[in-house]
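Each remark here refers to the structure printed beneath this line.
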Amino acid sequence: MRYSLIICIFIITLRGTQAQAVIQGVVCDQETRQPLSGVLLFFAYSTLQATTGDDGTYDIYNSLWKYNELVVTHPDFVSEWILLDNARPDTIFLMPKPKRDDDAIHNFKKSKDWKRHYKAFYASIMGRSEYAEDCMIRNPEVLDFEVKGNELIASAGRPLEIHNPYLGYDIIYDLGHFSHNDDNSAVIVGKPLFISHVSKSERQIRKWLENREEARKTGPNFFFRSFINGNHYRDNFDVRLTESTGYNRFERIGRADARKLVTFENGLYRITLNAMLEIVNKNVVTKEENWISNDADDGSSDATLVYRSRDPSDSDDKYAKSFVFTRSGYILLNADGRILNPSHIIFYGYWANLGITNMLPD
């Protein structure tokens with residue numbers, strides 16, 4: 001995966017009452033300069049996608065110019081993540097991937113080491129919440145693993161195909177970076193495309209909508225959007241700064257304190273932190289039960305996460321607690337509360353257990 005910043009011209013057409021930004025162009029092999037067919041293009045965190053034709057050309061619509069990150073991916077080429085400004089990328093070039101020894105890779109993926117690494121990867125990226133129970137990665141064979149010291153690093157030869165029947169989505173997930181440490185902290189960077197499930201059952205559709213609203217209130221996007229607007233108390237969050245997880249806690253952060261931490265510039269929000277952020281989500285109650293992974297044999301316990309309405313008579317310890325640490329001293333957000341510098345951010349606690357299975361489109 002590579003990052004690019006491309007200034008592009010867009011065409012505005014009107015269909016009914018909704019403006020559509022039409023992005024058009026061609027995708028080519030960077031070495032041969034020949035057009036590429038079958039390239040998938042999509043806007044990250046959206047349901048909008050297109051595929052290049054035999055001549056390498058594509059048209060992709062961007063409703064009201066809402067999305068600004070275009071993902072371009074093909075199994076045989078290095079993915080491009082393109083930040084769009086005001087112009088049309090006439091030509092996008094993809095770099096061919098190095099050739100690999102397929103026989104050696106196939107044999108390794110039959111090994112116990114690969115299977116053990118995959119279990120650790122799956123638990124980390126998919127999470128341990130109720131959202132993950134029925135989810136699955138349909139193409140695990142695309143994954144490769146490497147261990148450096150205490151760190152497990154994963155890469156994917158093509159986007160992961162994730163089935164999420166709980167929220168009614170399939171996710172095409174272009175994995176940019178994954179690393180997992182012995183302390184169970186993980187850094188996960190990737191770009192999702194959401195494909196909505198279709199059902200003729202009104203009951204099923206209502207259930208998906210209810211589950212999505214539930215997932216929205218449990219994830220970090222909802223909190224950060226509330227926090228940057230000074231509404232976190234109203235939305236049932238208690239927030240503190242803390243020097244380390246569970247110790248040396250400072251005073252709660254009120255609305256006035258939040259304003260001191262948040263700045264707004266060029267359409268983005270920045271939260272500046274010199275300590276770990278502790279968030280108690282009083283919309284979510286955790287229930288302690290044994291949770292043993294497939295490769296665990298020591299009976300180690302983890303929190304099983306259950307969504308319930310707020311009960312003021314319960315102590316704060318029963319509510320979902322998350323900790324956010326930033327390596328760079330700040331968190332960068334868009335107006336929807338989505339973190340834009342995820343490689344700098346480490347979650348502990350509840351959010352670390354959610355994985356990507358509670359993820360929703362913007």
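All residue names refer to the structure tokens as shown: chains lettered A, B, ... in order, residues numbered from 1 in each chain, ligands numbered from 1 in order.
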
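The list of residues with at least one atom within 6 Å of region 52-68 of chain A, based on only C-alpha atoms and without residues fewer than 2 positions apart in the same chain, reads Ala19, Gln20, Ala21, Val22, Ile23, Gln24, Gly25, Val26, Val27, Pro35, Leu36, Ser37, Gly38, Val39, Ala50, Leu83 and Leu84 of chain A.
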
Any chance you can output those residues with N, CA and C atoms as an mmCIF file, in the first residue's frame?
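Contents of selection15.cif, freshly written:
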```cif
data_model
loop_
_atom_site.group_PDB
_atom_site.id
_atom_site.type_symbol
_atom_site.label_atom_id
_atom_site.label_comp_id
_atom_site.auth_asym_id
_atom_site.auth_seq_id
_atom_site.Cartn_x
_atom_site.Cartn_y
_atom_site.Cartn_z
ATOM 1 N N ALA A 19 -26.565 16.461 -5.865
ATOM 2 C CA ALA A 19 -25.369 16.666 -6.678
ATOM 3 C C ALA A 19 -24.452 15.469 -6.547
ATOM 4 N N GLN A 20 -23.885 15.029 -7.668
ATOM 5 C CA GLN A 20 -22.968 13.913 -7.679
ATOM 6 C C GLN A 20 -21.639 14.376 -8.262
ATOM 7 N N ALA A 21 -20.549 14.081 -7.557
ATOM 8 C CA ALA A 21 -19.220 14.329 -8.086
ATOM 9 C C ALA A 21 -18.776 13.068 -8.810
ATOM 10 N N VAL A 22 -18.487 13.194 -10.085
ATOM 11 C CA VAL A 22 -18.105 12.045 -10.901
ATOM 12 C C VAL A 22 -16.598 12.062 -11.090
ATOM 13 N N ILE A 23 -15.936 11.030 -10.614
ATOM 14 C CA ILE A 23 -14.499 10.897 -10.797
ATOM 15 C C ILE A 23 -14.263 9.928 -11.938
ATOM 16 N N GLN A 24 -13.505 10.361 -12.937
ATOM 17 C CA GLN A 24 -13.219 9.536 -14.107
ATOM 18 C C GLN A 24 -11.720 9.490 -14.340
ATOM 19 N N GLY A 25 -11.259 8.383 -14.897
ATOM 20 C CA GLY A 25 -9.833 8.280 -15.190
ATOM 21 C C GLY A 25 -9.482 6.905 -15.725
ATOM 22 N N VAL A 26 -8.186 6.593 -15.721
ATOM 23 C CA VAL A 26 -7.690 5.313 -16.204
ATOM 24 C C VAL A 26 -6.597 4.842 -15.254
ATOM 25 N N VAL A 27 -6.522 3.529 -15.055
ATOM 26 C CA VAL A 27 -5.497 2.936 -14.199
ATOM 27 C C VAL A 27 -4.544 2.139 -15.078
ATOM 28 N N PRO A 35 -2.888 -0.087 -19.802
ATOM 29 C CA PRO A 35 -4.081 -0.008 -18.943
ATOM 30 C C PRO A 35 -4.348 -1.341 -18.257
ATOM 31 N N LEU A 36 -4.938 -1.267 -17.070
ATOM 32 C CA LEU A 36 -5.231 -2.448 -16.263
ATOM 33 C C LEU A 36 -6.739 -2.626 -16.128
ATOM 34 N N SER A 37 -7.213 -3.817 -16.409
ATOM 35 C CA SER A 37 -8.631 -4.130 -16.199
ATOM 36 C C SER A 37 -8.798 -4.831 -14.854
ATOM 37 N N GLY A 38 -10.028 -4.819 -14.335
ATOM 38 C CA GLY A 38 -10.331 -5.523 -13.103
ATOM 39 C C GLY A 38 -9.781 -4.884 -11.852
ATOM 40 N N VAL A 39 -9.429 -3.601 -11.908
ATOM 41 C CA VAL A 39 -8.944 -2.879 -10.727
ATOM 42 C C VAL A 39 -10.160 -2.379 -9.937
ATOM 43 N N ALA A 50 -16.236 1.081 -7.909
ATOM 44 C CA ALA A 50 -16.224 0.912 -9.355
ATOM 45 C C ALA A 50 -15.096 -0.041 -9.705
ATOM 46 N N LEU A 83 -5.537 10.699 -1.687
ATOM 47 C CA LEU A 83 -6.272 11.804 -1.083
ATOM 48 C C LEU A 83 -6.661 12.782 -2.186
ATOM 49 N N LEU A 84 -7.959 12.977 -2.331
ATOM 50 C CA LEU A 84 -8.467 13.827 -3.406
ATOM 51 C C LEU A 84 -8.624 15.261 -2.927
#
```

Got a sec to tell me which of region 141-252 of chain A DSSP assigns to helix (DSSP H, G or I), as a PDB file with C-alpha atoms, in the first residue's frame?
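Just written: selection27.pdb:
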```pdb
ATOM      1  CA  GLU A 141      -5.246 -17.595   2.850  1.00  0.00           C
ATOM      2  CA  VAL A 142      -4.224 -14.103   1.625  1.00  0.00           C
ATOM      3  CA  GLU A 202     -38.782  -6.409   7.147  1.00  0.00           C
ATOM      4  CA  ARG A 203     -37.972  -7.985  10.499  1.00  0.00           C
ATOM      5  CA  GLN A 204     -34.395  -8.697   9.423  1.00  0.00           C
ATOM      6  CA  ILE A 205     -33.961  -5.175   8.054  1.00  0.00           C
ATOM      7  CA  ARG A 206     -35.248  -3.666  11.325  1.00  0.00           C
ATOM      8  CA  LYS A 207     -32.853  -5.891  13.280  1.00  0.00           C
ATOM      9  CA  TRP A 208     -29.879  -4.736  11.180  1.00  0.00           C
ATOM     10  CA  LEU A 209     -30.853  -1.108  11.741  1.00  0.00           C
ATOM     11  CA  GLU A 210     -31.162  -1.672  15.497  1.00  0.00           C
ATOM     12  CA  ASN A 211     -27.790  -3.430  15.622  1.00  0.00           C
ATOM     13  CA  ARG A 212     -26.132  -0.636  13.637  1.00  0.00           C
ATOM     14  CA  GLU A 213     -27.483   2.005  16.010  1.00  0.00           C
ATOM     15  CA  GLU A 214     -26.205  -0.061  18.929  1.00  0.00           C
ATOM     16  CA  ALA A 215     -22.786  -0.398  17.297  1.00  0.00           C
ATOM     17  CA  ARG A 216     -22.684   3.332  16.583  1.00  0.00           C
ATOM     18  CA  LYS A 217     -23.082   4.149  20.284  1.00  0.00           C
ATOM     19  CA  THR A 218     -20.406   1.699  21.431  1.00  0.00           C
ATOM     20  CA  PRO A 220     -14.939   5.399  19.314  1.00  0.00           C
ATOM     21  CA  ASN A 221     -16.417   7.512  16.481  1.00  0.00           C
ATOM     22  CA  PHE A 222     -19.539   8.291  18.502  1.00  0.00           C
ATOM     23  CA  PHE A 223     -17.498   9.313  21.534  1.00  0.00           C
ATOM     24  CA  PHE A 224     -15.013  11.495  19.653  1.00  0.00           C
ATOM     25  CA  ARG A 225     -17.753  13.291  17.695  1.00  0.00           C
ATOM     26  CA  SER A 226     -19.482  13.961  21.017  1.00  0.00           C
ATOM     27  CA  PHE A 227     -16.236  15.075  22.683  1.00  0.00           C
ATOM     28  CA  ILE A 228     -15.147  17.566  20.003  1.00  0.00           C
TER      29      ILE A 228
END
```

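Surrounding region 255-267 of chain A within 10 Å are Phe227, Ile228, Asn229, Gly230, Asn231, His232, Tyr233, Arg234, Val239, Thr272, Leu273, Tyr330, Ile331, Leu332, Leu333, Asn334 and Ala335 of chain A, with only C-alpha atoms counted and residues fewer than 5 positions along the same chain left out.
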
Could you take the residues named above and write them with all heavy atoms, as a CSV table (one decimal), in the first residue's frame?
```csv
chain,number,residue,atom,x,y,z
A,227,PHE,N,-17.3,14.4,21.9
A,227,PHE,CA,-16.2,15.1,22.7
A,227,PHE,C,-15.8,16.4,22.0
A,227,PHE,O,-15.7,17.4,22.7
A,227,PHE,CB,-15.0,14.2,22.9
A,227,PHE,CG,-14.0,14.7,23.8
A,227,PHE,CD1,-14.1,14.7,25.2
A,227,PHE,CD2,-12.8,15.3,23.3
A,227,PHE,CE1,-13.2,15.2,26.0
A,227,PHE,CE2,-11.9,15.8,24.1
A,227,PHE,CZ,-12.0,15.8,25.5
A,228,ILE,N,-15.6,16.4,20.7
A,228,ILE,CA,-15.1,17.6,20.0
A,228,ILE,C,-16.2,18.6,20.0
A,228,ILE,O,-15.9,19.8,19.8
A,228,ILE,CB,-14.6,17.3,18.6
A,228,ILE,CG1,-15.8,16.7,17.7
A,228,ILE,CG2,-13.4,16.4,18.6
A,228,ILE,CD1,-15.3,16.3,16.3
A,229,ASN,N,-17.5,18.2,20.2
A,229,ASN,CA,-18.6,19.2,20.2
A,229,ASN,C,-19.0,19.5,21.7
A,229,ASN,O,-20.0,20.2,21.9
A,229,ASN,CB,-19.8,18.6,19.5
A,229,ASN,CG,-19.6,18.6,18.0
A,229,ASN,OD1,-19.3,19.6,17.4
A,229,ASN,ND2,-19.8,17.4,17.4
A,230,GLY,N,-18.2,19.0,22.6
A,230,GLY,CA,-18.5,19.3,24.0
A,230,GLY,C,-19.7,18.6,24.6
A,230,GLY,O,-20.3,19.1,25.6
A,231,ASN,N,-20.2,17.5,24.0
A,231,ASN,CA,-21.4,16.9,24.4
A,231,ASN,C,-21.2,15.6,25.1
A,231,ASN,O,-22.2,14.8,25.2
A,231,ASN,CB,-22.3,16.7,23.2
A,231,ASN,CG,-22.8,18.0,22.6
A,231,ASN,OD1,-22.9,19.0,23.3
A,231,ASN,ND2,-22.9,18.0,21.3
A,232,HIS,N,-20.0,15.2,25.6
A,232,HIS,CA,-19.7,13.9,26.0
A,232,HIS,C,-20.5,13.6,27.3
A,232,HIS,O,-20.9,12.4,27.5
A,232,HIS,CB,-18.2,13.7,26.2
A,232,HIS,CG,-17.5,14.7,27.0
A,232,HIS,ND1,-17.3,16.0,26.5
A,232,HIS,CD2,-17.1,14.7,28.3
A,232,HIS,CE1,-16.6,16.7,27.4
A,232,HIS,NE2,-16.5,15.9,28.5
A,233,TYR,N,-20.7,14.5,28.2
A,233,TYR,CA,-21.5,14.3,29.4
A,233,TYR,C,-23.0,14.0,29.1
A,233,TYR,O,-23.6,13.1,29.6
A,233,TYR,CB,-21.4,15.4,30.4
A,233,TYR,CG,-20.2,15.3,31.3
A,233,TYR,CD1,-19.7,16.4,31.9
A,233,TYR,CD2,-19.5,14.1,31.5
A,233,TYR,CE1,-18.5,16.3,32.8
A,233,TYR,CE2,-18.4,14.0,32.4
A,233,TYR,CZ,-17.9,15.1,33.0
A,233,TYR,OH,-16.8,15.0,33.8
A,234,ARG,N,-23.5,14.8,28.2
A,234,ARG,CA,-24.9,14.6,27.7
A,234,ARG,C,-25.1,13.3,27.1
A,234,ARG,O,-26.2,12.6,27.3
A,234,ARG,CB,-25.2,15.7,26.7
A,234,ARG,CG,-26.7,15.7,26.3
A,234,ARG,CD,-26.9,16.4,25.0
A,234,ARG,NE,-26.2,15.7,23.9
A,234,ARG,CZ,-26.2,16.2,22.6
A,234,ARG,NH1,-26.7,17.3,22.3
A,234,ARG,NH2,-25.6,15.5,21.7
A,239,VAL,N,-15.0,11.2,31.3
A,239,VAL,CA,-13.7,11.3,30.6
A,239,VAL,C,-12.7,11.8,31.6
A,239,VAL,O,-12.9,12.8,32.3
A,239,VAL,CB,-13.7,12.2,29.4
A,239,VAL,CG1,-12.3,12.1,28.6
A,239,VAL,CG2,-14.8,11.8,28.4
A,272,THR,N,-5.2,17.5,21.6
A,272,THR,CA,-3.8,17.4,22.1
A,272,THR,C,-3.7,16.8,23.4
A,272,THR,O,-4.5,17.3,24.3
A,272,THR,CB,-3.2,18.8,22.1
A,272,THR,OG1,-3.2,19.4,20.8
A,272,THR,CG2,-1.7,18.8,22.5
A,273,LEU,N,-2.9,15.8,23.6
A,273,LEU,CA,-2.9,15.0,24.9
A,273,LEU,C,-1.5,14.9,25.4
A,273,LEU,O,-0.6,14.5,24.6
A,273,LEU,CB,-3.5,13.6,24.7
A,273,LEU,CG,-5.0,13.6,24.3
A,273,LEU,CD1,-5.4,12.1,24.0
A,273,LEU,CD2,-5.9,14.1,25.4
A,330,TYR,N,-1.2,13.7,19.9
A,330,TYR,CA,-2.5,14.3,19.4
A,330,TYR,C,-3.3,13.2,18.7
A,330,TYR,O,-2.7,12.2,18.2
A,330,TYR,CB,-2.2,15.5,18.5
A,330,TYR,CG,-1.6,15.1,17.2
A,330,TYR,CD1,-2.4,14.9,16.0
A,330,TYR,CD2,-0.2,15.1,17.0
A,330,TYR,CE1,-1.8,14.6,14.8
A,330,TYR,CE2,0.4,14.8,15.8
A,330,TYR,CZ,-0.4,14.5,14.7
A,330,TYR,OH,0.1,14.2,13.5
A,331,ILE,N,-4.6,13.5,18.6
A,331,ILE,CA,-5.5,12.6,17.8
A,331,ILE,C,-6.1,13.5,16.8
A,331,ILE,O,-6.7,14.6,17.1
A,331,ILE,CB,-6.6,12.0,18.7
A,331,ILE,CG1,-6.0,11.2,19.9
A,331,ILE,CG2,-7.6,11.2,17.9
A,331,ILE,CD1,-7.0,10.8,20.9
A,332,LEU,N,-6.1,13.1,15.5
A,332,LEU,CA,-6.6,13.9,14.4
A,332,LEU,C,-7.9,13.3,14.0
A,332,LEU,O,-8.0,12.1,13.7
A,332,LEU,CB,-5.6,13.9,13.2
A,332,LEU,CG,-5.9,15.0,12.1
A,332,LEU,CD1,-5.7,16.4,12.7
A,332,LEU,CD2,-4.9,14.7,11.0
A,333,LEU,N,-9.0,14.1,13.8
A,333,LEU,CA,-10.3,13.6,13.6
A,333,LEU,C,-11.0,14.4,12.5
A,333,LEU,O,-10.8,15.6,12.3
A,333,LEU,CB,-11.2,13.7,14.9
A,333,LEU,CG,-10.7,13.1,16.1
A,333,LEU,CD1,-11.3,13.7,17.3
A,333,LEU,CD2,-11.0,11.6,16.1
A,334,ASN,N,-12.0,13.7,11.8
A,334,ASN,CA,-12.9,14.4,10.9
A,334,ASN,C,-14.1,14.8,11.7
A,334,ASN,O,-14.3,14.4,12.9
A,334,ASN,CB,-13.1,13.7,9.6
A,334,ASN,CG,-13.9,12.4,9.8
A,334,ASN,OD1,-14.4,12.1,10.9
A,334,ASN,ND2,-14.1,11.6,8.8
A,335,ALA,N,-15.1,15.4,11.0
A,335,ALA,CA,-16.3,15.9,11.7
A,335,ALA,C,-17.2,14.7,12.2
A,335,ALA,O,-18.0,14.9,13.1
A,335,ALA,CB,-17.1,16.8,10.8
```

Go ahead and compute the interatomic distance for CA of Ala44 (chain A) and CA of Asn283 (chain A), in Å to one decimal. 27.8 Å

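The neighbours of Phe43 (chain A) here are the residues that come within 6 Å of it, using only C-alpha atoms and leaving out any residue fewer than 2 positions away in the same chain; they are A:Ser46, A:Leu48, A:Glu69, A:Leu70.
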
Emit the selected residues as a compact mmCIF listing (two decimals), in the first residue's frame, including all heavy atoms.
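That gives us again.txt:
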```
# COMPACT_ATOMS: atom_id res chain seq x y z
N SER A 46 -17.14 3.91 2.84
CA SER A 46 -18.37 4.18 2.08
C SER A 46 -18.89 2.88 1.48
O SER A 46 -18.33 1.81 1.68
CB SER A 46 -18.09 5.19 0.96
OG SER A 46 -17.53 4.54 -0.18
N LEU A 48 -19.48 3.09 -1.93
CA LEU A 48 -19.30 3.51 -3.32
C LEU A 48 -18.07 2.84 -3.93
O LEU A 48 -16.97 2.94 -3.40
CB LEU A 48 -19.15 5.03 -3.40
CG LEU A 48 -20.30 5.83 -2.77
CD1 LEU A 48 -19.96 7.31 -2.73
CD2 LEU A 48 -21.59 5.60 -3.54
N GLU A 69 -11.05 10.03 0.17
CA GLU A 69 -9.95 9.07 0.09
C GLU A 69 -10.34 7.92 -0.82
O GLU A 69 -11.25 7.16 -0.53
CB GLU A 69 -9.58 8.55 1.48
CG GLU A 69 -8.29 7.77 1.48
CD GLU A 69 -7.68 7.65 2.87
OE1 GLU A 69 -8.43 7.78 3.85
OE2 GLU A 69 -6.47 7.42 2.97
N LEU A 70 -9.64 7.82 -1.93
CA LEU A 70 -9.92 6.81 -2.95
C LEU A 70 -8.91 5.68 -2.81
O LEU A 70 -7.70 5.90 -2.82
CB LEU A 70 -9.84 7.43 -4.34
CG LEU A 70 -10.21 6.54 -5.52
CD1 LEU A 70 -11.69 6.16 -5.48
CD2 LEU A 70 -9.90 7.26 -6.85
```
